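What follows is a set of notes on a single structure, which appears directly below.
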Amino acid sequence: MLRFFAVRLLRALITIALVVTFAFIVLRVSGDPALEIMSVDAPPEAIAAFRKAWGLDAPLWIQYARYLLAILHGDLGQSMRDGREAVVVVAERIPATLELTVPALLFSLAVGIPAGVYAALQRNSRTDRAVMVAAIAGFTVPSFVFGLLLVLVFSIRLGWLPSGGIGGLGHCILPIVTLGVGGAAVLARFARGAMLEVLGQPYIRAGSARGLPWRRVIVSHALPNAAIPTLTIVGFMVGNLIAGAVLVENVFSWPGLGRLLVVSVVSRDLAVVQCILLLIAAVMIGANVTVDLLYGVLDPRIRTAPLCAGAGRC
Amino acid sequence: MSTRPFLELTDLCVSIGGISVLRGVNLMVARGEAVGIVGESGSGKSVTWLAALGLLGRKARVAGRVRLQGEDILHMPAPFLDRVRGARIAMIFQDPASSLNPVHKVGDQVSEVLRLHRGMDRRAARAEARRLFDAVGISDAGRRLDAYPHELSGGQNQRVMIAAALAGEPDLLVADEPTTALDVTIQAQILDLLREVRTETGMGLVIISHDLGIIAETCSRVAVMYAGRVVEEAPVDDLLERPIHPYTAALLAALPNVDGPRRRVTAIPGSVPDLVRLPPGCPFGPRCRRHTSACDAAEPALASVDAEHPGRRAACFHSSFAHARAPEHKEVVLA
Ligand SMILES: Nc1ncnc2c1ncn2[C@@H]1O[C@H](COP(=O)(O)OP(=O)(O)O)[C@@H](O)[C@H]1O
Ligand code: SF4
Ligand SMILES: [Mg+2]
């Protein structure tokens with residue numbers, strides 16, 4: 001178990017180092033922060049001064065070395081746009097993003113899993129087909145299109161809900177649904193598949209043969225087994241959720257990390273971008289570790305098996 | 001057989017996805033009797049018993065009668081069947097490892113039955129599960145209760161399956177190819193165990209197998225199935241001695257010999273008929289050495305062959321003791 005986590009941690013660190021390096025190179029090579037932030041027609045002296053102040057005049061590899069050194073000292077740098085600590089700039093946006101992503105994830109789980117399980121239990125019925133059509137639609141329609149559609153219907157047409165900005169509960173609903181619907185669709189399809197697979201297993205019939213009522217066969221024998229592959233998808237969904245948040249926050253003018261990320265990339269505000277990327281990496285790694293731990297809880301074959309055997313996640 | 005049968009299947013027909021899989025199976029099992037069901041793979045042995053217990057699911061159409069102590073249970077509601085399955089008739093399957101739920105401890109899977117059918121509380125159920133584990137020959141029973149199926153061998157898992165089946169104290173145990181997935185030595189142990197359980201509890205037993213040897217060892221009566229019907233029924237010894245139906249004779253000829261020169265196991269010539277396109281008349285016709293044009297006119301019904309032997313029935317136009325002959329080799333290997 002200890003080795004298991006040592007391996008995980010090492011891999012996580014390597015991933016983070018790669019992400020940070022990649023972002024550094026892309027942002028530095030693709031544009032000049034001085035020009036983006038100062039505006040193109042600023043006097044050349046001012047631009048030079050800006051470059052000097054932020055160390056942009058040094059060769060790229062020196063900048064990179066300085067940057068890494070600073071990170072190792074826990075210093076993620078300052079925002080070039082407003083001079084504050086990047087960490088502070090990022091941190092103040094976290095609550096807004098959590099307000100969207102956590103309910104969206106819960107929405108996906110609460111809608112997708114029951115829908116998929118129900119469809120599997122009613123296989124080939126009208127309900128099953130309806131659920132699958134909805135799931136395919138939810139999966140194929142891009143979230144910003146879906147978001148705009150919702151705005152069109154519920155804000156503009158019906159005038160029930162605001163079309164953007166932050167405020168009361170009303171402001172949350174459309175962005176949360178927009179963000180969660182893709183995940184719900186994926187989960188519905190996956191939970192249905194997992195459930196059908198499990199229902200075809202000999203131990204389900206064997207359970208019935210022992211006289212277990214069907215409800216009990218489902219609840220205590222089918223669902224715990226179907227949960228194992230479904231968990232993999234929940235792990236992947238966290239990544240999609242973050243990507244979705246960037247889009248949805250911009251569609252709904254939601255002042256979260258996603259908006260901040262777009263603004264910071266446009267102005268090549270490296271410190272802030274890096275800070276967000278580190279945060280995303282940490283969240284993804286945290287999600288993966290949680291999923292791995294949950295695997296152990298759900299599946300005794302993994303709990304008692306040697307490292308890397310089983311779910312093939314090594 | 002003067003006593004009322006414990007279980008009686010009458011004209012059991014099953015079609016799955018529009019294909020007739022069982023075409024009128026007639027069979028009965030007396031209380032405490034051991035009956036073997038033999039036939040090539042795909043002849044409908046498993047489907048017969050799954051249908052009888054209502055385990056086929058919604059895509060199967062089942063017709064006929066399944067009388068349990070006189071009461072037709074075939075289309076009974078689920079709550080009724082839940083009190084039959086496991087409690088009066090238990091069934092175990094070919095692949096013990098996948099017939100146990102991988103995420104639950106084996107002891108809990110046995111306890112579940114005890115709590116359900118015998119109303120035990122947690123502690124009593126665990127104690128009884130432990131006793132059952134001992135009874136079915138699981139060594140170190142106390143510790144094995146907390147093992148998961150993947151931690152046990154195939155033989156141990158089949159013992160767990162048997163323990164779970166015995167937990168409901170059934171009057172009849174249907175064992176569908178209980179040893180097919182196991183090593184030869186383990187096979188013998190499991191068969192010994194089944195025989196032992198029978199002597200101790202007086203439980204009836206149905207063994208489904210494609211191997212006549214296994215059935216000869218364990219059962220007193222045997223039904224031979226071909227293409228979704230029973231084609232011959234007889235006491236095991238009589239059947240081995242003098243098979244009536246040409247298909248049975250062919251099955252016997254395909255058995256390996258104990259003494260005498262070792263010879264290749266001869267498979268029955270021809271192949272299992274396609275249930276969608278059965279030949280006209282007798283389904284065994286194309287593979288039958290005694291086939292005549294009369295055989296293509298209609299399908300022979302399962303009927304008594306000889307008034308003096310009411311236990312012997314066969315479905316063949318040319319069956320009589322005159323035709324019946326001993327198989328080429330007297331001794332039969334008992335797997
Ligand atoms: N779930 C099923 N769906 C479709 N066909 C099935 C199913 N189960 C059994 N069959 C068909 O029914 C026939 C009899 O099967 P079975 O009773 O399992 O044979 P066996 O004698 O080997 O136990 C076979 O032709 C098989 O293909
Ligand atoms: S009825 Fe005819 S074809 Fe069928 S088994 Fe008897 S002899 Fe053979
Ligand atoms: Mg079978």
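We name chains A, B, ... following the order of the structure tokens; residues begin at 1 in each chain, and ligands are numbered from 1 as shown.
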Q) Which neighbours of region 7-10 of chain A fall inside 8 Å, counting only C-alpha atoms, when residues of the same chain fewer than 4 positions from it are skipped, and could you give them as a PyMOL selection string? A) chain A and resi 3+14+289
Okay, now the selection with N, CA, C and O atoms, as a PDB file, in the first residue's frame?
```
ATOM      1  N   ARG A   3       3.971   1.470  -1.121  1.00  0.00           N
ATOM      2  CA  ARG A   3       4.633   1.580  -2.407  1.00  0.00           C
ATOM      3  C   ARG A   3       3.652   2.131  -3.440  1.00  0.00           C
ATOM      4  O   ARG A   3       3.993   2.964  -4.261  1.00  0.00           O
ATOM      5  N   ILE A  14       5.810  14.284 -11.456  1.00  0.00           N
ATOM      6  CA  ILE A  14       6.310  14.376 -12.831  1.00  0.00           C
ATOM      7  C   ILE A  14       5.273  15.063 -13.716  1.00  0.00           C
ATOM      8  O   ILE A  14       5.594  15.949 -14.515  1.00  0.00           O
ATOM      9  N   VAL A 289      -6.537   9.986  -6.812  1.00  0.00           N
ATOM     10  CA  VAL A 289      -6.206   9.264  -5.579  1.00  0.00           C
ATOM     11  C   VAL A 289      -7.492   8.834  -4.884  1.00  0.00           C
ATOM     12  O   VAL A 289      -7.628   7.692  -4.426  1.00  0.00           O
TER      13      VAL A 289
END
```
Q) Counting only C-alpha atoms and all ligand atoms, which protein, DNA or RNA residues come within 9 Å of ligand 3, given as an MDAnalysis selection string? A) chainID B and resid 41:47 93:94 176:177 208:210
Selection from above, C-alpha atoms, as a compact mmCIF listing (two decimals), in the first residue's frame, can you write it?
```txt
# COMPACT_ATOMS: atom_id res chain seq x y z
CA SER B 41 -24.35 -29.41 -25.14
CA GLY B 42 -27.30 -27.32 -26.34
CA SER B 43 -29.89 -30.08 -25.89
CA GLY B 44 -31.80 -28.00 -23.33
CA LYS B 45 -30.67 -29.52 -20.04
CA SER B 46 -29.99 -26.21 -18.32
CA VAL B 47 -32.95 -24.41 -19.86
CA PHE B 93 -24.21 -23.92 -11.50
CA GLN B 94 -21.29 -24.87 -13.63
CA ASP B 176 -26.06 -28.00 -13.38
CA GLU B 177 -22.72 -29.43 -14.49
CA ILE B 208 -27.17 -32.19 -15.19
CA SER B 209 -24.17 -33.39 -17.10
CA HIS B 210 -22.99 -34.21 -20.57
```
Q | chain B contacts to chain A at 8 Å (only C-alpha atoms) as a ChimeraX atom specification | A | /B:53,55,78-79,81-87,90-93,98-103,113,116,148,150,164-165,168
Preceding selection exported with N, CA, C and O atoms as a CSV table (one decimal), in the first residue's frame:
```csv
chain,number,residue,atom,x,y,z
B,53,LEU,N,-37.7,-23.3,-12.6
B,53,LEU,CA,-37.6,-22.4,-11.4
B,53,LEU,C,-37.8,-20.9,-11.7
B,53,LEU,O,-37.6,-20.1,-10.9
B,55,LEU,N,-36.3,-18.9,-13.8
B,55,LEU,CA,-35.0,-18.1,-13.8
B,55,LEU,C,-34.6,-17.7,-15.2
B,55,LEU,O,-33.5,-17.2,-15.4
B,78,ALA,N,-43.7,-13.6,-8.2
B,78,ALA,CA,-42.3,-13.7,-7.7
B,78,ALA,C,-42.2,-14.0,-6.2
B,78,ALA,O,-41.4,-14.8,-5.9
B,79,PRO,N,-43.0,-13.4,-5.4
B,79,PRO,CA,-42.8,-13.6,-4.0
B,79,PRO,C,-43.0,-15.1,-3.6
B,79,PRO,O,-42.3,-15.6,-2.7
B,81,LEU,N,-42.4,-17.6,-5.7
B,81,LEU,CA,-41.2,-18.4,-6.3
B,81,LEU,C,-40.0,-18.1,-5.4
B,81,LEU,O,-39.1,-19.0,-5.2
B,82,ASP,N,-39.9,-16.9,-4.8
B,82,ASP,CA,-38.8,-16.6,-3.9
B,82,ASP,C,-38.8,-17.6,-2.7
B,82,ASP,O,-37.7,-17.8,-2.1
B,83,ARG,N,-39.9,-18.1,-2.3
B,83,ARG,CA,-40.0,-19.0,-1.2
B,83,ARG,C,-39.8,-20.5,-1.7
B,83,ARG,O,-39.7,-21.4,-0.8
B,84,VAL,N,-39.9,-20.7,-3.0
B,84,VAL,CA,-39.6,-22.0,-3.5
B,84,VAL,C,-38.1,-22.2,-3.8
B,84,VAL,O,-37.4,-23.1,-3.3
B,85,ARG,N,-37.5,-21.2,-4.5
B,85,ARG,CA,-36.1,-21.2,-4.8
B,85,ARG,C,-35.3,-21.1,-3.6
B,85,ARG,O,-35.5,-20.2,-2.7
B,86,GLY,N,-34.3,-22.0,-3.5
B,86,GLY,CA,-33.4,-21.9,-2.3
B,86,GLY,C,-34.0,-22.6,-1.1
B,86,GLY,O,-33.2,-23.2,-0.3
B,87,ALA,N,-35.3,-22.6,-0.9
B,87,ALA,CA,-35.9,-23.2,0.3
B,87,ALA,C,-36.4,-24.6,0.0
B,87,ALA,O,-36.3,-25.5,0.8
B,90,ALA,N,-33.2,-26.0,-4.6
B,90,ALA,CA,-32.0,-25.1,-4.8
B,90,ALA,C,-31.3,-25.5,-6.1
B,90,ALA,O,-31.5,-26.6,-6.6
B,91,MET,N,-30.5,-24.6,-6.6
B,91,MET,CA,-29.8,-24.9,-7.9
B,91,MET,C,-28.4,-24.3,-7.8
B,91,MET,O,-28.2,-23.2,-7.3
B,92,ILE,N,-27.5,-25.2,-8.2
B,92,ILE,CA,-26.1,-24.7,-8.3
B,92,ILE,C,-25.6,-24.8,-9.8
B,92,ILE,O,-26.2,-25.6,-10.5
B,93,PHE,N,-24.6,-24.1,-10.1
B,93,PHE,CA,-24.2,-23.9,-11.5
B,93,PHE,C,-22.8,-24.4,-11.8
B,93,PHE,O,-22.0,-24.6,-10.9
B,98,SER,N,-17.8,-17.7,-10.8
B,98,SER,CA,-18.6,-16.5,-11.2
B,98,SER,C,-20.0,-16.6,-10.8
B,98,SER,O,-20.8,-15.7,-11.0
B,99,SER,N,-20.4,-17.7,-10.1
B,99,SER,CA,-21.7,-17.8,-9.5
B,99,SER,C,-21.8,-17.2,-8.1
B,99,SER,O,-22.8,-17.2,-7.5
B,100,LEU,N,-20.6,-16.8,-7.6
B,100,LEU,CA,-20.6,-16.1,-6.3
B,100,LEU,C,-20.3,-14.7,-6.6
B,100,LEU,O,-19.5,-14.3,-7.5
B,101,ASN,N,-20.9,-13.8,-5.8
B,101,ASN,CA,-20.7,-12.4,-6.0
B,101,ASN,C,-19.3,-12.0,-5.6
B,101,ASN,O,-18.9,-12.2,-4.4
B,102,PRO,N,-18.5,-11.4,-6.5
B,102,PRO,CA,-17.1,-11.1,-6.2
B,102,PRO,C,-16.9,-10.1,-5.1
B,102,PRO,O,-15.9,-10.0,-4.5
B,103,VAL,N,-17.9,-9.3,-4.8
B,103,VAL,CA,-17.7,-8.2,-3.8
B,103,VAL,C,-18.1,-8.5,-2.4
B,103,VAL,O,-18.0,-7.7,-1.5
B,113,VAL,N,-28.7,-16.4,2.9
B,113,VAL,CA,-29.7,-17.4,2.6
B,113,VAL,C,-30.3,-17.9,4.0
B,113,VAL,O,-31.5,-18.1,4.1
B,116,LEU,N,-32.6,-15.3,5.2
B,116,LEU,CA,-33.8,-15.2,4.4
B,116,LEU,C,-34.8,-16.3,4.6
B,116,LEU,O,-35.9,-16.1,4.8
B,148,TYR,N,-13.0,-13.8,0.2
B,148,TYR,CA,-13.8,-13.4,-1.0
B,148,TYR,C,-13.6,-14.6,-2.0
B,148,TYR,O,-12.6,-15.3,-2.0
B,150,HIS,N,-12.5,-14.7,-4.9
B,150,HIS,CA,-11.3,-14.7,-5.7
B,150,HIS,C,-10.1,-15.3,-4.9
B,150,HIS,O,-9.1,-15.6,-5.4
B,164,ALA,N,-24.3,-22.8,0.4
B,164,ALA,CA,-25.4,-21.8,0.2
B,164,ALA,C,-26.7,-22.5,-0.2
B,164,ALA,O,-27.8,-22.1,0.2
B,165,ALA,N,-26.5,-23.6,-1.0
B,165,ALA,CA,-27.7,-24.3,-1.5
B,165,ALA,C,-28.3,-25.1,-0.3
B,165,ALA,O,-29.5,-25.1,-0.1
B,168,GLY,N,-30.8,-23.4,2.8
B,168,GLY,CA,-32.2,-23.3,2.8
B,168,GLY,C,-32.9,-24.6,3.1
B,168,GLY,O,-34.1,-24.7,3.0
```
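Each of A:Gly235, A:Pro229, A:Gly200, A:Gly244 was checked against ligand 1 using only C-alpha atoms and all ligand atoms; the smallest atom-to-atom distance is that of A:Gly200.
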Q | Test item: residues no farther than 10 Å from ligand 2, counting only C-alpha atoms and all ligand atoms, as a ChimeraX atom specification | A | /B:231,244-248,281-301,314-319
Please produce a file of the residues just selected, as a tab-separated table (two decimals), in the first residue's frame, where the atoms kept are C-alpha atoms.
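The resulting file, out_38.tsv, is reproduced below:
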```
chain	number	residue	atom	x	y	z
B	231	VAL	CA	-35.72	-39.09	-25.73
B	244	ILE	CA	-33.03	-48.38	-26.20
B	245	HIS	CA	-32.80	-45.13	-28.11
B	246	PRO	CA	-30.15	-45.07	-30.81
B	247	TYR	CA	-28.93	-41.73	-29.46
B	248	THR	CA	-28.36	-43.23	-26.01
B	281	GLY	CA	-39.89	-36.20	-38.17
B	282	CYS	CA	-37.38	-37.53	-35.67
B	283	PRO	CA	-34.74	-34.88	-34.92
B	284	PHE	CA	-32.09	-37.59	-34.51
B	285	GLY	CA	-32.83	-38.96	-37.97
B	286	PRO	CA	-29.85	-37.58	-39.87
B	287	ARG	CA	-27.42	-39.11	-37.36
B	288	CYS	CA	-29.31	-42.33	-36.72
B	289	ARG	CA	-28.07	-45.73	-37.85
B	290	ARG	CA	-31.54	-47.23	-37.61
B	291	HIS	CA	-33.22	-44.46	-39.54
B	292	THR	CA	-35.95	-45.50	-41.99
B	293	SER	CA	-38.35	-43.47	-44.10
B	294	ALA	CA	-40.99	-43.93	-41.40
B	295	CYS	CA	-38.85	-41.81	-39.08
B	296	ASP	CA	-39.30	-38.72	-41.26
B	297	ALA	CA	-43.08	-38.83	-41.15
B	298	ALA	CA	-43.57	-37.66	-37.58
B	299	GLU	CA	-41.69	-37.03	-34.39
B	300	PRO	CA	-41.80	-40.05	-32.07
B	301	ALA	CA	-43.27	-39.44	-28.62
B	314	ALA	CA	-38.05	-43.92	-25.18
B	315	ALA	CA	-38.99	-41.72	-28.10
B	316	CYS	CA	-38.16	-43.82	-31.15
B	317	PHE	CA	-40.21	-45.61	-33.75
B	318	HIS	CA	-37.83	-48.52	-33.86
B	319	SER	CA	-37.25	-48.99	-30.18
```
Q.
Quick check for you: according to DSSP on this backbone, which residues of region 46-284 of chain A are classed as alpha helix (DSSP H)? Reply as a PyMOL selection string.
A. chain A and resi 46-53+60-72+86-91+94-121+126-140+143-150+169-199+202-209+214-216+223-251+257-266+270-284
Q: Compile the contact shell of Glu85 (chain A) as a PyMOL selection string: residues with an atom at most 9 Å away, counting only C-alpha atoms, same-chain residues fewer than 3 positions apart removed.
A: chain A and resi 75-79+82+88-90+271-272
(Q) To one decimal place in Å, what is the distance between CA of Gly64 (chain B) and CA of Val206 (chain B)? (A)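 Taking CA of Gly64 (chain B) as the start and CA of Val206 (chain B) as the end point, the length is 19.9 Å.
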Q.
What does the structure give for the distance between CA of Leu261 (chain A) and CA of Val87 (chain A), in Å to one decimal?
A.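 So the two atoms, CA of Leu261 (chain A) and CA of Val87 (chain A), lie 12.9 Å apart.
Comparing B:Arg198, B:Arg65, B:Arg277, B:Arg313 by their smallest distance to Pro243 (chain B), the closest is B:Arg313 (using only C-alpha atoms).
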